[in-house]
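Colleague: Pasting a structure here, questions to come.
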Amino acid sequence: MDLRQGAVEDLEIMNNSWKDKRVFLTGHTGFKGAWLSIWLDALGAKVTGYALKPPTEPSLFKICRLDRRMKSVIGDVRDGVKLKKALLAAKPEIVIHMAAQPLVRESYRNPAETYETNVMGVVNLFEAIRASSTVKAVVNVTTDKCYENKEHARAFHEEEPMGGYDPYSSSKACSELVTATYRKSFFNPKDFAKHGVAVASARAGNVIGGGDWAADRLIPDIIRAALRGEKVRIRSPRAIRPWQHVLEPLSGYLLLAEKLYTQGPKYAEAWNFGPDAGDAKDVEWIVKRMFGHWPEAPGYALDKGRHPHEAHYLKLDSAKARRQLGWAPRWHIGQAIDKIIDWTRAYAAGRDMLAVCRAQITEYSLK
Ligand SMILES: NC(=O)c1ccc[n+]([C@@H]2O[C@H](COP(=O)([O-])OP(=O)(O)OC[C@H]3O[C@@H](n4cnc5c(N)ncnc54)[C@H](O)[C@@H]3O)[C@@H](O)[C@H]2O)c1
């Protein structure tokens with residue numbers, strides 16, 4: 001069977017609204033961006049990506065040869081002139097912004113660069129959007145870490161204050177503030193008839209999935225160590241995170257962008273796309289669950305060294321997305337881990353990973 005054809009037909013049954021839509025996606029060479037590029041391609045969208053070269057080696061972008069399936073512009077979001085030129089040339093109807101320096105520990109090493117990319121990058125993007133006459137819908141992808149985290153046990157809802165202890169979290173809170181300001185000042189929902197642009201932001205949890213090779217992230221650390229036959233070193237075994245498979249927030253971004261595109265200002269606000277409360281597990285639970293599938297792996301050891309501060313407790317309240325967008329998580333944490341193991345085994349066996357990703361997207365879409 002032609003897997004690509006099969007995937008497209010299946011997804012079209014689910015949703016035909018992306019066919020031939022022009023989409024400008026920043027961060028397409030990264031983990032989430034590559035998955036979203038594969039999904040958008042399968043839905044028939046015309047995607048232009050704008051990002052630096054893939055941040056890891058290997059990368060999902062390269063192993064799936066995504067440069068052949070989309071227009072890929074390698075550029076820096078800090079370069080406002082180049083970004084504007086690329087966006088205007090693409091004439092997008094929908095913009096999804098994912099380019100970022102996304103790592104907490106890297107943000108302690110390079111705070112200024114993190115702010116330049118994550119804050120001025122979004123300012124430059126909005127300046128390009130202001131110059132465009134084609135854009136109708138904008139989704140800025142931030143994070144659950146944008147909230148002021150007082151380590152309380154309840155989940156964050158969208159109206160809570162922005163904050164952030166470390167430079168990454170605070171830079172994403174700034175990105176949210178920039179988004180809110182551009183929405184109020186230039187794309188105000190009250191004046192939608194004049195400007196025609198609907199702007200939203202999306203906050204997701206700790207995203208996991210096949211094809212992530214980032215440094216200092218739990219799942220890639222486990223896979224790297226297991227494949228090398230080494231023990232994985234665990235920093236914060238009791239830290240609780242809202243884990244979710246990468247297709248979960250991506251389905252939320254797609255749904256949100258679609259609503260912004262078709263119904264405009266009604267959806268022009270901030271949205272959480274987190275997992276169900278039962279999927280917020282501690283790090284040690286995840287490690288044990290991963291190794292349950294991997295009896296040959298050598299296990300883990302606690303890393304008792306001193307580490308920079310990272311939030312201990314983070315949960316997202318996604319009731320609004322459920323109620324108003326009809327979005328709900330589909331793959332719970334156990335299934336998400338099963339999919340990662342399947343993906344990793346397929347990769348280790350040298351399979352066609354574009355087909356594997358498409359098959360997982362189809363399975364997710366049709367559930
Ligand atoms: N992975 C997660 O758990 C998670 C959770 C919540 C939010 N997010 C957000 O989702 C988005 C994607 O994250 P990811 O996990 O795919 O990260 P990633 O590191 O895999 O990808 C980041 C992307 O941004 C690009 N990029 C980085 N700096 C750039 C610059 N100066 N100019 C242009 N492009 C640049 C990279 O080239 C890459 O394409 C980020 O905005 C991140 O903050 C990620």
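Starting from 1 in every chain, residues are counted up; chains themselves are A, B, ... following the order of the structure tokens, and ligands are numbered from 1 as listed.
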May I have the residues within 7 Å of Gly205 in chain A as a list in words, using only C-alpha atoms and disregarding those fewer than 3 positions away in the same chain?

Modeller: Thr143, Asp144, Pro242, Trp243, Gln244 and Gly274 of chain A

Colleague: Restricted to C-alpha atoms, what would the selected residues look like written as a tab-separated table (two decimals), in the first residue's frame?

Modeller:
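This is the output file result_33.tsv:
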chain	number	residue	atom	x	y	z
A	143	THR	CA	4.54	26.75	27.16
A	144	ASP	CA	3.03	25.70	30.48
A	242	PRO	CA	2.16	17.28	32.45
A	243	TRP	CA	3.53	14.73	29.96
A	244	GLN	CA	1.82	14.41	26.60
A	274	GLY	CA	-2.49	19.88	28.63

Colleague: Please write out the residues within 6 Å of ligand 1 as a count of residues only, counting only C-alpha atoms and all ligand atoms.

Modeller: 29

Colleague: With distances taken over only C-alpha atoms, which residue among A:Ala257, A:Lys91, A:Leu103, A:Val73 lies nearest Asn140 in chain A?

Modeller: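 With only C-alpha atoms as the atom set, the closest residue is A:Ala257.
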
Colleague: Looking only at the backbone, which of the residues in range 45-294 of chain A does DSSP tag as helix (DSSP H, G or I), as an NGL selection string?

Modeller: :A and (60-63 or 66-68 or 80-90 or 104-109 or 111-130 or 144-146 or 167-185 or 189-195 or 218-228 or 247-267 or 277-279 or 283-292)

Colleague: Just the residues within 12 Å of Leu227 in chain A, please, counting only C-alpha atoms, with nothing from its chain fewer than 4 positions along; format it as JSON, numbers by chain.

Modeller: {"A": [220, 221, 222, 223, 231, 232, 291, 294, 296, 297, 298, 299, 341, 344, 345, 347, 348]}

Colleague: Which one is closest to Ser201 in chain A: A:Arg241, A:Lys136, A:His97, A:Arg22? Count only C-alpha atoms.

Modeller: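 Of the candidates, the smallest distance to Ser201 in chain A is held by A:His97.
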
Colleague: Could you give me the residues within range 23-107 of chain A that DSSP places in strand (DSSP E), as an MDAnalysis selection string?

Modeller: chainID A and resid 23:26 46:51 71:74 94:97

Colleague: What does the file look like for those residues with C-alpha atoms, as a PDB file, in the first residue's frame?

Modeller:
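Output below, filename selection-v1.pdb:
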ATOM      1  CA  VAL A  23       0.858  28.043   6.166  1.00  0.00           C
ATOM      2  CA  PHE A  24       3.975  29.808   7.474  1.00  0.00           C
ATOM      3  CA  LEU A  25       5.493  27.629  10.193  1.00  0.00           C
ATOM      4  CA  THR A  26       8.520  28.779  12.170  1.00  0.00           C
ATOM      5  CA  LYS A  46       1.186  24.329   1.350  1.00  0.00           C
ATOM      6  CA  VAL A  47       3.795  24.898   4.030  1.00  0.00           C
ATOM      7  CA  THR A  48       6.692  27.340   4.125  1.00  0.00           C
ATOM      8  CA  GLY A  49       8.999  26.716   7.076  1.00  0.00           C
ATOM      9  CA  TYR A  50      11.365  29.299   8.579  1.00  0.00           C
ATOM     10  CA  ALA A  51      13.980  28.237  11.141  1.00  0.00           C
ATOM     11  CA  LYS A  71       9.493  25.144   1.133  1.00  0.00           C
ATOM     12  CA  SER A  72      12.171  25.338   3.783  1.00  0.00           C
ATOM     13  CA  VAL A  73      13.814  28.701   4.497  1.00  0.00           C
ATOM     14  CA  ILE A  74      16.829  28.522   6.798  1.00  0.00           C
ATOM     15  CA  ILE A  94      -2.117  30.918   8.677  1.00  0.00           C
ATOM     16  CA  VAL A  95       1.023  31.485  10.783  1.00  0.00           C
ATOM     17  CA  ILE A  96       2.159  29.053  13.485  1.00  0.00           C
ATOM     18  CA  HIS A  97       5.151  30.198  15.514  1.00  0.00           C
TER      19      HIS A  97
END

Colleague: Between A:Gly210, A:Gly264, A:Pro111, A:Gly350, which residue has the minimum interatomic distance to Ser169 in chain A, considering only C-alpha atoms?

Modeller: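 So, comparing all the options, the nearest one is A:Pro111.
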
Colleague: Write out as a ChimeraX atom specification the residues lying within 9 Å of Ala268 in chain A, counting only C-alpha atoms and excluding same-chain residues fewer than 4 positions away.

Modeller: /A:137-138,183,188-189,198-201,260,264

Colleague: Between CA of Phe187 in chain A and CA of Gly164 in chain A, what is the distance, to one decimal in Å?

Modeller: 26.2 Å

Colleague: Could you name the residues that touch Asp303 in chain A at 12 Å or less, counting only C-alpha atoms, but leaving out those on the same chain fewer than 6 positions away, as a PyMOL selection string?

Modeller: chain A and resi 231-237

Colleague: Would you pick out the contacts of range 312-321 of chain A at 8 Å or less, using only C-alpha atoms, so that residues sharing its chain but fewer than 6 positions from it are not included, and give the list as a list of chain:residue names?

Modeller: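 Contacts, with the query itself left out: A:Asp144, A:Lys145, A:Asn149, A:Glu151, A:His152, A:Ala153, A:Arg154, A:Ala155, A:Phe156, A:His157, A:Glu158, A:Ala204, A:Gly205, A:Arg238, A:Ala239, A:Ile240, A:Arg241, A:Pro242, A:Trp271, A:Asn272, A:Phe273, A:Gly274, A:Pro275, A:Ala277, A:Ala280, A:Trp327, A:Ala328.
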
Colleague: Write the residues of the preceding selection, restricted to C-alpha atoms, as a tab-separated table (two decimals), in the first residue's frame.

Modeller:
chain	number	residue	atom	x	y	z
A	144	ASP	CA	3.03	25.70	30.48
A	145	LYS	CA	6.12	27.29	32.06
A	149	ASN	CA	4.67	29.18	39.39
A	151	GLU	CA	4.30	25.39	43.21
A	152	HIS	CA	0.65	25.04	44.26
A	153	ALA	CA	-1.00	21.68	43.70
A	154	ARG	CA	-3.82	22.88	41.43
A	155	ALA	CA	-3.61	23.22	37.67
A	156	PHE	CA	-3.03	26.56	35.93
A	157	HIS	CA	-5.90	28.09	33.97
A	158	GLU	CA	-5.45	30.64	31.20
A	204	ALA	CA	1.22	22.91	26.17
A	205	GLY	CA	2.88	20.59	28.63
A	238	ARG	CA	9.99	13.51	42.16
A	239	ALA	CA	9.37	16.41	39.73
A	240	ILE	CA	5.85	16.19	38.32
A	241	ARG	CA	5.22	17.25	34.71
A	242	PRO	CA	2.16	17.28	32.45
A	271	TRP	CA	-5.42	28.38	25.29
A	272	ASN	CA	-4.05	25.51	27.39
A	273	PHE	CA	-3.60	22.10	25.78
A	274	GLY	CA	-2.49	19.88	28.63
A	275	PRO	CA	-2.97	16.19	29.40
A	277	ALA	CA	-4.74	15.20	35.44
A	280	ALA	CA	0.87	14.36	35.32
A	327	TRP	CA	-10.40	19.32	22.00
A	328	ALA	CA	-9.49	16.49	24.37

Colleague: Fewer than 2 positions away in the same chain doesn't count, so skip those; otherwise give me all residues within 12 Å of Glu106 in chain A, counting only C-alpha atoms, as a CSV table (one decimal) with N, CA and C atoms, in the first residue's frame.

Modeller:
chain,number,residue,atom,x,y,z
A,100,ALA,N,12.1,28.7,18.6
A,100,ALA,CA,12.5,29.2,20.0
A,100,ALA,C,13.7,28.5,20.5
A,101,GLN,N,14.3,29.1,21.5
A,101,GLN,CA,15.3,28.4,22.3
A,101,GLN,C,14.5,27.8,23.4
A,102,PRO,N,14.2,26.4,23.3
A,102,PRO,CA,13.2,25.8,24.2
A,102,PRO,C,13.7,25.1,25.5
A,103,LEU,N,14.9,25.3,25.8
A,103,LEU,CA,15.5,24.5,26.9
A,103,LEU,C,15.8,25.3,28.2
A,104,VAL,N,15.3,24.9,29.3
A,104,VAL,CA,15.5,25.6,30.6
A,104,VAL,C,17.0,25.7,30.9
A,108,TYR,N,19.9,29.0,31.2
A,108,TYR,CA,20.8,29.5,32.3
A,108,TYR,C,22.1,29.7,31.7
A,109,ARG,N,22.5,28.9,30.7
A,109,ARG,CA,23.9,29.1,30.1
A,109,ARG,C,23.9,30.4,29.2
A,110,ASN,N,22.8,30.6,28.5
A,110,ASN,CA,22.7,31.7,27.5
A,110,ASN,C,21.4,32.5,27.6
A,111,PRO,N,21.3,33.2,28.7
A,111,PRO,CA,20.0,34.0,28.9
A,111,PRO,C,19.8,35.0,27.8
A,112,ALA,N,20.8,35.8,27.4
A,112,ALA,CA,20.6,36.9,26.5
A,112,ALA,C,20.1,36.3,25.2
A,113,GLU,N,20.7,35.3,24.7
A,113,GLU,CA,20.3,34.7,23.4
A,113,GLU,C,18.9,34.1,23.5
A,114,THR,N,18.6,33.5,24.6
A,114,THR,CA,17.2,33.0,24.8
A,114,THR,C,16.2,34.1,24.7
A,115,TYR,N,16.5,35.2,25.4
A,115,TYR,CA,15.5,36.4,25.3
A,115,TYR,C,15.5,36.9,23.9
A,166,ASP,N,13.2,30.8,35.7
A,166,ASP,CA,14.4,30.7,34.9
A,166,ASP,C,14.2,31.6,33.6
A,167,PRO,N,15.3,31.9,32.9
A,167,PRO,CA,15.2,32.7,31.7
A,167,PRO,C,14.3,32.1,30.6
A,168,TYR,N,14.3,30.8,30.4
A,168,TYR,CA,13.4,30.2,29.4
A,168,TYR,C,12.0,30.5,29.7
A,169,SER,N,11.5,30.2,30.9
A,169,SER,CA,10.1,30.4,31.3
A,169,SER,C,9.7,31.8,31.2
A,214,ALA,N,16.8,16.2,21.7
A,214,ALA,CA,17.3,17.4,22.4
A,214,ALA,C,18.1,17.0,23.6
A,215,ALA,N,19.0,17.8,24.0
A,215,ALA,CA,19.8,17.5,25.2
A,215,ALA,C,19.0,17.9,26.4
A,216,ASP,N,19.3,17.2,27.5
A,216,ASP,CA,18.7,17.6,28.8
A,216,ASP,C,17.2,17.4,28.8
A,217,ARG,N,16.6,16.5,28.0
A,217,ARG,CA,15.2,16.2,28.1
A,217,ARG,C,15.1,14.7,28.4
A,308,PRO,N,20.6,23.7,38.5
A,308,PRO,CA,19.9,24.9,38.6
A,308,PRO,C,18.4,24.7,38.8

Colleague: Please report the interatomic distance between CA of Met290 in chain A and CA of Pro249 in chain A in Å with one decimal.

Modeller: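 Between CA of Met290 in chain A and CA of Pro249 in chain A the gap works out to 21.3 Å.
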
Colleague: Report, in Å with one decimal, the straight-line distance from CA of Arg351 in chain A to CA of Gly209 in chain A.

Modeller: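 Separation between CA of Arg351 in chain A and CA of Gly209 in chain A: 16.7 Å.
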